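Undergrad: Data: coords-v5.csv, CSV, C-alpha atoms.
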```csv
chain,number,residue,atom,x,y,z
C,26,MET,CA,104.7,-86.9,-74.4
C,27,GLU,CA,102.5,-85.0,-72.1
C,28,ASN,CA,101.4,-81.5,-73.0
C,29,GLN,CA,102.7,-79.1,-70.5
C,30,THR,CA,102.2,-75.4,-70.3
C,31,ARG,CA,104.9,-73.3,-68.8
C,32,VAL,CA,104.2,-69.7,-67.6
C,33,ALA,CA,107.0,-67.3,-67.0
C,34,VAL,CA,106.3,-65.6,-63.8
C,35,GLY,CA,106.6,-61.8,-63.9
C,36,ILE,CA,106.4,-61.4,-67.6
C,37,PRO,CA,103.0,-60.1,-68.8
C,38,ALA,CA,101.3,-61.8,-71.6
C,39,PRO,CA,101.4,-60.3,-75.0
C,40,ASN,CA,99.0,-57.4,-75.8
C,41,TYR,CA,98.3,-56.8,-72.1
C,42,LEU,CA,97.6,-53.1,-71.3
C,43,ILE,CA,98.6,-51.7,-68.0
C,44,THR,CA,96.7,-48.6,-66.9
C,45,THR,CA,97.5,-46.5,-63.9
C,46,HIS,CA,95.0,-44.0,-62.3
C,47,GLN,CA,96.4,-40.8,-60.8
C,48,PRO,CA,94.4,-38.1,-59.0
C,49,PRO,CA,93.7,-35.0,-61.1
C,50,PRO,CA,95.7,-31.9,-60.2
C,51,PHE,CA,93.9,-29.5,-57.8
C,52,ILE,CA,93.0,-26.2,-59.5
C,53,SER,CA,91.4,-23.5,-57.4
C,54,THR,CA,89.0,-21.4,-59.3
C,55,TYR,CA,86.8,-18.5,-58.1
C,56,PRO,CA,83.3,-18.2,-59.5
C,57,THR,CA,82.8,-15.4,-61.9
C,58,PRO,CA,80.6,-12.7,-60.3
C,59,PRO,CA,77.4,-11.8,-62.0
C,60,PRO,CA,77.4,-8.5,-64.1
C,61,ALA,CA,75.7,-6.5,-61.3
C,62,GLN,CA,78.4,-7.5,-58.9
C,63,GLN,CA,81.1,-6.6,-61.4
C,64,GLN,CA,79.7,-3.1,-61.7
C,65,SER,CA,79.6,-2.7,-57.9
C,66,LEU,CA,83.3,-3.6,-57.7
C,67,SER,CA,84.2,-0.8,-60.0
C,68,CYS,CA,82.2,1.8,-58.0
C,69,PRO,CA,84.6,2.6,-55.2
C,70,PRO,CA,87.3,4.3,-57.4
C,71,LEU,CA,84.7,6.4,-59.1
C,72,PHE,CA,83.1,7.3,-55.7
C,73,ILE,CA,86.5,8.4,-54.3
C,74,PHE,CA,87.3,10.4,-57.4
C,75,THR,CA,84.0,12.2,-57.3
C,76,SER,CA,84.3,12.9,-53.5
C,77,ILE,CA,87.8,14.4,-54.0
C,78,LEU,CA,86.5,16.6,-56.9
C,79,ILE,CA,83.6,17.8,-54.7
C,80,ILE,CA,85.9,18.6,-51.8
C,81,ILE,CA,88.3,20.6,-54.1
C,82,LEU,CA,85.4,22.5,-55.6
C,83,PHE,CA,84.0,23.3,-52.1
C,84,VAL,CA,87.4,24.5,-50.8
C,85,SER,CA,88.0,26.7,-53.9
C,86,LEU,CA,84.6,28.4,-53.5
C,87,ALA,CA,85.1,28.9,-49.8
C,88,PHE,CA,88.6,30.4,-50.4
C,89,THR,CA,87.3,32.6,-53.1
C,90,GLY,CA,84.5,34.0,-50.9
C,91,PHE,CA,87.0,34.4,-48.0
C,92,TYR,CA,89.5,36.2,-50.2
C,93,PHE,CA,87.1,38.7,-51.8
C,94,THR,CA,85.4,39.3,-48.4
C,95,TYR,CA,88.7,40.4,-46.9
C,96,GLN,CA,90.1,42.1,-49.9
C,97,GLN,CA,87.0,44.3,-50.7
C,98,SER,CA,87.0,46.2,-47.4
C,99,ASN,CA,85.0,49.3,-47.3
C,100,PRO,CA,86.2,52.7,-46.1
C,101,PRO,CA,84.9,54.1,-42.8
C,102,ILE,CA,81.7,56.1,-42.6
C,103,ILE,CA,82.4,59.5,-41.1
C,104,ARG,CA,79.8,62.1,-40.0
C,105,ILE,CA,79.8,65.4,-38.1
C,106,GLU,CA,78.2,64.5,-34.8
C,107,SER,CA,78.2,67.9,-33.1
C,108,ILE,CA,79.9,71.3,-32.9
C,109,VAL,CA,80.2,73.3,-29.7
C,110,ALA,CA,81.5,76.9,-30.0
C,111,PHE,CA,82.4,78.0,-26.5
C,112,ASN,CA,83.5,81.4,-27.7
C,113,ILE,CA,85.0,83.0,-30.8
C,114,THR,CA,88.3,81.1,-30.7
C,115,ASN,CA,87.6,77.8,-28.9
C,116,TRP,CA,85.5,75.1,-30.4
C,117,LEU,CA,84.9,71.4,-29.8
C,118,ILE,CA,84.0,69.3,-32.9
C,119,THR,CA,82.9,65.7,-32.5
C,120,LEU,CA,83.2,63.3,-35.5
C,121,SER,CA,81.6,59.9,-35.7
C,122,LEU,CA,83.6,57.2,-37.3
C,123,LYS,CA,82.1,53.8,-38.1
C,124,ASN,CA,83.9,50.8,-39.4
C,125,PRO,CA,81.4,49.0,-41.7
C,126,ASN,CA,83.6,46.0,-42.2
C,127,LYS,CA,82.7,42.7,-40.6
C,128,TYR,CA,86.1,41.0,-40.8
C,129,ALA,CA,88.6,43.9,-40.9
C,130,SER,CA,89.7,46.3,-38.2
C,131,ILE,CA,91.0,49.8,-38.9
C,132,HIS,CA,94.0,51.6,-37.5
C,133,TYR,CA,94.2,55.4,-37.8
C,134,GLU,CA,97.3,57.4,-37.5
C,135,LYS,CA,98.7,60.8,-38.6
C,136,ILE,CA,95.2,62.3,-38.2
C,137,GLN,CA,94.8,65.9,-39.1
C,138,VAL,CA,91.4,67.8,-39.0
C,139,SER,CA,91.4,71.2,-40.7
C,140,VAL,CA,88.8,73.8,-40.1
C,141,SER,CA,88.6,76.7,-42.5
C,142,GLU,CA,86.2,79.4,-43.4
C,143,PHE,CA,84.3,78.9,-46.6
C,144,GLY,CA,86.5,80.5,-49.3
C,145,ASP,CA,89.8,79.7,-47.5
C,146,LYS,CA,90.1,83.0,-45.7
C,147,TRP,CA,91.6,81.2,-42.8
C,148,ARG,CA,92.5,77.7,-41.8
C,149,VAL,CA,93.3,75.9,-38.6
C,150,ILE,CA,94.9,72.4,-38.5
C,151,CYS,CA,94.3,70.2,-35.5
C,152,PRO,CA,96.2,66.9,-34.9
C,153,VAL,CA,94.5,64.0,-33.3
C,154,ASP,CA,96.1,61.0,-31.6
C,155,GLU,CA,96.1,57.6,-33.4
C,156,PHE,CA,93.6,54.9,-32.4
C,157,ASP,CA,92.3,51.5,-33.4
C,158,GLN,CA,88.8,50.5,-34.4
C,159,VAL,CA,87.4,47.0,-34.1
C,160,GLU,CA,85.2,45.3,-36.7
C,161,ASN,CA,81.8,47.0,-36.9
C,162,GLY,CA,82.9,49.4,-34.3
C,163,GLU,CA,81.9,53.1,-34.0
C,164,THR,CA,84.1,55.8,-32.4
C,165,LEU,CA,83.4,59.4,-31.4
C,166,MET,CA,86.4,61.5,-32.0
C,167,ASP,CA,86.7,64.8,-30.3
C,168,VAL,CA,88.7,67.6,-31.9
C,169,ASP,CA,89.7,70.6,-29.9
C,170,VAL,CA,90.0,73.7,-32.1
C,171,PHE,CA,91.9,76.7,-30.8
C,172,GLY,CA,93.1,79.9,-32.4
C,173,LEU,CA,90.2,80.6,-34.6
C,174,VAL,CA,89.7,84.1,-36.1
C,175,MET,CA,86.1,85.1,-36.6
C,176,TYR,CA,85.3,88.6,-37.9
C,177,SER,CA,81.6,88.2,-37.7
C,178,LYS,CA,79.0,86.6,-35.5
C,179,MET,CA,78.3,83.8,-38.0
C,180,VAL,CA,80.8,81.9,-40.1
C,181,GLU,CA,80.5,79.1,-42.6
C,182,VAL,CA,83.2,76.5,-42.0
C,183,VAL,CA,84.5,73.6,-44.0
C,184,LEU,CA,85.8,70.5,-42.2
C,185,LYS,CA,88.4,68.2,-43.8
C,186,MET,CA,90.3,65.3,-42.4
C,187,ASP,CA,93.4,63.5,-43.6
C,188,ALA,CA,94.9,60.3,-42.1
C,189,VAL,CA,96.8,57.2,-42.8
C,190,VAL,CA,94.7,54.1,-42.2
C,191,CYS,CA,95.5,50.4,-42.1
C,192,LEU,CA,92.8,47.8,-42.9
C,193,GLN,CA,93.8,44.7,-40.9
C,194,ALA,CA,92.1,41.4,-41.5
C,195,LYS,CA,93.0,38.0,-40.1
C,196,TYR,CA,95.2,35.8,-42.3
C,197,MET,CA,95.5,38.6,-44.9
C,198,GLN,CA,98.1,41.2,-45.7
C,199,LYS,CA,97.8,44.6,-44.2
C,200,HIS,CA,96.7,47.4,-46.5
C,201,TRP,CA,98.0,50.9,-45.7
C,202,GLN,CA,96.1,53.7,-47.5
C,203,MET,CA,95.6,57.4,-47.4
C,204,LEU,CA,92.2,58.6,-46.1
C,205,GLU,CA,90.7,61.9,-47.4
C,206,VAL,CA,87.5,63.2,-45.9
C,207,ASP,CA,85.5,66.2,-47.0
C,208,CYS,CA,82.5,67.3,-44.9
C,209,VAL,CA,79.6,69.6,-45.6
C,210,VAL,CA,79.7,73.3,-45.0
C,211,VAL,CA,78.5,74.1,-41.5
C,212,VAL,CA,77.3,77.4,-40.2
C,213,VAL,CA,78.8,78.2,-36.7
C,214,ARG,CA,78.0,81.0,-34.3
C,215,PRO,CA,79.8,81.9,-31.1
C,216,ARG,CA,78.4,80.2,-28.0
C,217,MET,CA,76.6,77.7,-30.1
C,218,ASN,CA,76.0,74.1,-29.0
C,219,THR,CA,74.4,72.1,-31.9
C,220,THR,CA,74.1,68.5,-33.0
C,221,VAL,CA,74.5,68.5,-36.7
C,222,GLY,CA,72.6,65.3,-37.2
C,223,ARG,CA,73.1,61.9,-38.9
C,224,SER,CA,72.4,63.3,-42.3
C,225,SER,CA,75.7,65.2,-42.4
C,226,ARG,CA,77.7,62.3,-43.9
C,227,CYS,CA,81.1,63.3,-45.2
C,228,ASN,CA,82.7,62.2,-48.4
C,229,VAL,CA,85.4,59.6,-47.8
C,230,ARG,CA,88.1,58.4,-50.2
C,231,LEU,CA,90.8,55.8,-49.9
C,232,ARG,CA,93.8,55.9,-52.1
```
Would you give me this structure, written as structure tokens?
TA:
Amino acid sequence: MENQTRVAVGIPAPNYLITTHQPPPFISTYPTPPPAQQQSLSCPPLFIFTSILIIILFVSLAFTGFYFTYQQSNPPIIRIESIVAFNITNWLITLSLKNPNKYASIHYEKIQVSVSEFGDKWRVICPVDEFDQVENGETLMDVDVFGLVMYSKMVEVVLKMDAVVCLQAKYMQKHWQMLEVDCVVVVVRPRMNTTVGRSSRCNVRLR
């Protein structure tokens, strides 16, 4: 009997290992930046925060300076410029009013200038029309005085002025205040034309 070997087609032999090779899955990874680059990536938020803080500080300082500049307005500087006595009963008094404020104008109304003899023996009150004064402006205000009573050739007179003023600054609220002015005692003679001088500064109060 002949030895014959029969092979079953399609059936693997015992202990035969079948291996299959599949491509590895694709994983996208980004390289980790070095430490210096990691610090640079965290700088923009810190820079933005610092910039906003500097801007807020600058705006606060600017607003504070703006506010106090406008709020702390100074009263006008008032002087007796000249006195002209045409005769015993008719005088012309010129007052110099200067606005020392750089950012605020002044509006004057209800102006009254009183002229009285030293000791209040007599008094004459003279109304003056209202007017406006620009920033750093200077105005010469003429006051016509009539009806004086002089019993001598020389008299010492006291000048006073009352008014309602409004300090007006841009972007700020108006401030209405009472203006009270006391000037120096001036010696006046009939037919006198004199310039009192810049030293005759009056005392000015706002309330």
Undergrad: Would you list the contacts of Asp145 (chain C) as an MDAnalysis selection string, taking every protein, DNA or RNA residue within 10 Å and counting only C-alpha atoms, but skipping same-chain residues closer than 3 positions in sequence?
TA: chainID C and resid 140:142 148 182:183
Undergrad: List the spatial neighbours of Glu134 (chain C) as an MDAnalysis selection string - criterion: any atom at most 8 Å away, all atoms listed in the file, same-chain residues fewer than 5 positions off excluded.
TA: chainID C and resid 154:156 188:190
Undergrad: Rounded to one decimal place, report the CA of Glu160 (chain C)-CA of Asp207 (chain C) distance in Å.
TA: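 Answer for the CA of Glu160 (chain C) to CA of Asp207 (chain C) separation: 23.3 Å.
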Undergrad: I'd like the contact shell of Trp116 (chain C) - 12 Å cut-off, all atoms listed in the file, skipping same-chain residues fewer than 5 positions apart - returned as a ChimeraX atom specification.
TA: /C:107-111,140,149,151,167-175,182,213-219
Undergrad: Considering only C-alpha atoms, state which residue in the set C:Ile131, C:Val229, C:Met179, C:Val138 is at the smallest distance from Asp157 (chain C).
TA: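 Going through C:Ile131, C:Val229, C:Met179, C:Val138 one by one, the smallest distance to Asp157 (chain C) is for C:Ile131.
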Undergrad: Using only C-alpha atoms, can you tell me which of C:Ile79, C:Val180, C:Leu165, C:Val159 comes closest to His132 (chain C)?
TA: C:Val159
